[in-house]
Amino acid sequence: MRISNLIGLAAVAGLAVWLDPSPSLSLDGTPSPNAGVALPAAASVSVPDSTISTPKAALAPANGDINISPVDAFRRATEALKIGASKDALTSLQYAAERGHGVALWQLGRMYAEGDGVARNDHRAFEYFRKFADSHADEYPLAPRSRFVANAFVALGNYYLEGIPNSPIKASPERARRMFYHAASYFGDPEAQYQLAMLHVDGNGVGRDAKRAVPWLVLAANKGHYKSQAVLGRILFHGEHGARQPASGLMWLTVACDGPGAAVPWIAELRESAFKQATDRQRATALILLERWVEGRRGSVQ
């Protein structure tokens, strides 16, 4: 599976500029005093940092100013990306990343993961994400930068799920679970919650257990994650976790199709199939549940 499909996209214009503080935790299993959870060992399979090092002479921004700050270098990189000047953006991002700008590390990881302006290189992307996640694992969850940290953990988890060919990064569902768990529990990231749930749904590296998946799916579904809404709906409708809840299942499948999920074939098929199988009473109850859910969402944003 292409990793770029699993990396949350962030508009370049929306990237805020922050200068990273000194690392407060290393993912060697030793949490800082203020860590919210026991942290996973992201770097347990790693490559020396030299793999992402660039000679300092080559790291000066495109204008040759060697005294520019990492913040200004990152700002120049975002401006270069806006106009499609990927080469200049890459140079500025490398300059900023080498000097401690964490979001620059994330942006470099995204570019190499997607082949955006550079040749796609999953191993190189992995190392950028690893370095960023390693030094910011206990970022304050409500800080603006935390969403990038959570995204890096999700990217690492997906790399660990399948491994990276011709690299030291081998498939390890257990390491993937650790990455997803940290992003899901500490940062509350809905994609991580979905990925963690799917490990239990599929029995990948853990026992197949829909009951353990449901709480994570509920958390993500209530945040608008349509894949979680669809899988939760399927589980409830068919009773994969225990007793069937067809009305609730149909409600979640309907919610999943109200937006981007409608264009996803497997989600649309699940909803259509459930609707056909449901009784008139179950459909009516699902409609009532849907109205209550919509009203609850409206109340939460007022």
# chains A, B, ... in the order shown; residues from 1 in each chain; ligands from 1
$ residues_around --residues "segment 192-207 of chain A" --least-positions-apart "3" --cutoff "10 Å" --atoms "only C-alpha atoms" --output "MDAnalysis selection string"
chainID A and resid 6 150:151 153:155 157:158 161 172:185 187:189 210:221 225:229 231:232 235 240:241
$ residues_around --residues "Met251 of chain A" --least-positions-apart "3" --cutoff "9 Å" --atoms "only C-alpha atoms" --output "list in words"
Gly233, Pro246, Ala247, Ser248, Thr254, Val255, Ala256, Arg283, Thr285, Ala286, Leu287, Ile288, Leu289 and Leu290 of chain A
$ write_last_selection --atoms "N, CA, C and O atoms" --output "short mmCIF file (atom, residue, chain, number, x, y, z; two decimals), in the first residue's frame"
data_model
loop_
_atom_site.label_atom_id
_atom_site.label_comp_id
_atom_site.auth_asym_id
_atom_site.auth_seq_id
_atom_site.Cartn_x
_atom_site.Cartn_y
_atom_site.Cartn_z
N GLY A 233 -19.94 0.76 11.74
CA GLY A 233 -21.29 0.42 11.30
C GLY A 233 -21.41 -1.03 10.88
O GLY A 233 -22.39 -1.71 11.22
N PRO A 246 -28.40 -3.60 14.60
CA PRO A 246 -28.59 -3.20 13.21
C PRO A 246 -28.94 -1.73 13.00
O PRO A 246 -28.47 -1.11 12.04
N ALA A 247 -29.77 -1.17 13.87
CA ALA A 247 -30.15 0.23 13.70
C ALA A 247 -28.94 1.14 13.89
O ALA A 247 -28.70 2.07 13.10
N SER A 248 -28.16 0.88 14.95
CA SER A 248 -26.95 1.69 15.18
C SER A 248 -25.95 1.49 14.05
O SER A 248 -25.31 2.45 13.60
N THR A 254 -24.64 5.21 7.36
CA THR A 254 -25.24 6.38 6.70
C THR A 254 -24.39 7.62 6.93
O THR A 254 -24.16 8.41 6.01
N VAL A 255 -23.91 7.79 8.16
CA VAL A 255 -23.03 8.92 8.47
C VAL A 255 -21.76 8.85 7.63
O VAL A 255 -21.28 9.86 7.09
N ALA A 256 -21.21 7.64 7.49
CA ALA A 256 -19.97 7.46 6.73
C ALA A 256 -20.15 7.87 5.27
O ALA A 256 -19.19 8.32 4.63
N ARG A 283 -34.76 0.60 9.94
CA ARG A 283 -34.46 1.82 9.18
C ARG A 283 -35.01 3.05 9.89
O ARG A 283 -34.36 4.10 9.96
N THR A 285 -35.61 3.38 13.11
CA THR A 285 -34.82 3.61 14.31
C THR A 285 -33.47 4.23 13.96
O THR A 285 -32.98 5.13 14.65
N ALA A 286 -32.87 3.77 12.87
CA ALA A 286 -31.59 4.33 12.42
C ALA A 286 -31.74 5.81 12.10
O ALA A 286 -30.84 6.62 12.40
N LEU A 287 -32.88 6.18 11.52
CA LEU A 287 -33.13 7.58 11.20
C LEU A 287 -33.23 8.42 12.46
O LEU A 287 -32.69 9.53 12.53
N ILE A 288 -33.89 7.89 13.48
CA ILE A 288 -33.99 8.61 14.76
C ILE A 288 -32.61 8.79 15.38
O ILE A 288 -32.26 9.87 15.86
N LEU A 289 -31.82 7.71 15.37
CA LEU A 289 -30.46 7.79 15.91
C LEU A 289 -29.61 8.78 15.14
O LEU A 289 -28.81 9.53 15.72
N LEU A 290 -29.80 8.82 13.83
CA LEU A 290 -29.05 9.76 13.00
C LEU A 290 -29.40 11.20 13.34
O LEU A 290 -28.52 12.06 13.47
#
$ residues_around --residues "Arg76 of chain A" --least-positions-apart "6" --cutoff "10 Å" --atoms "only C-alpha atoms" --output "number ranges by chain"
A: 61-62, 70, 82, 88-89, 91-93, 96
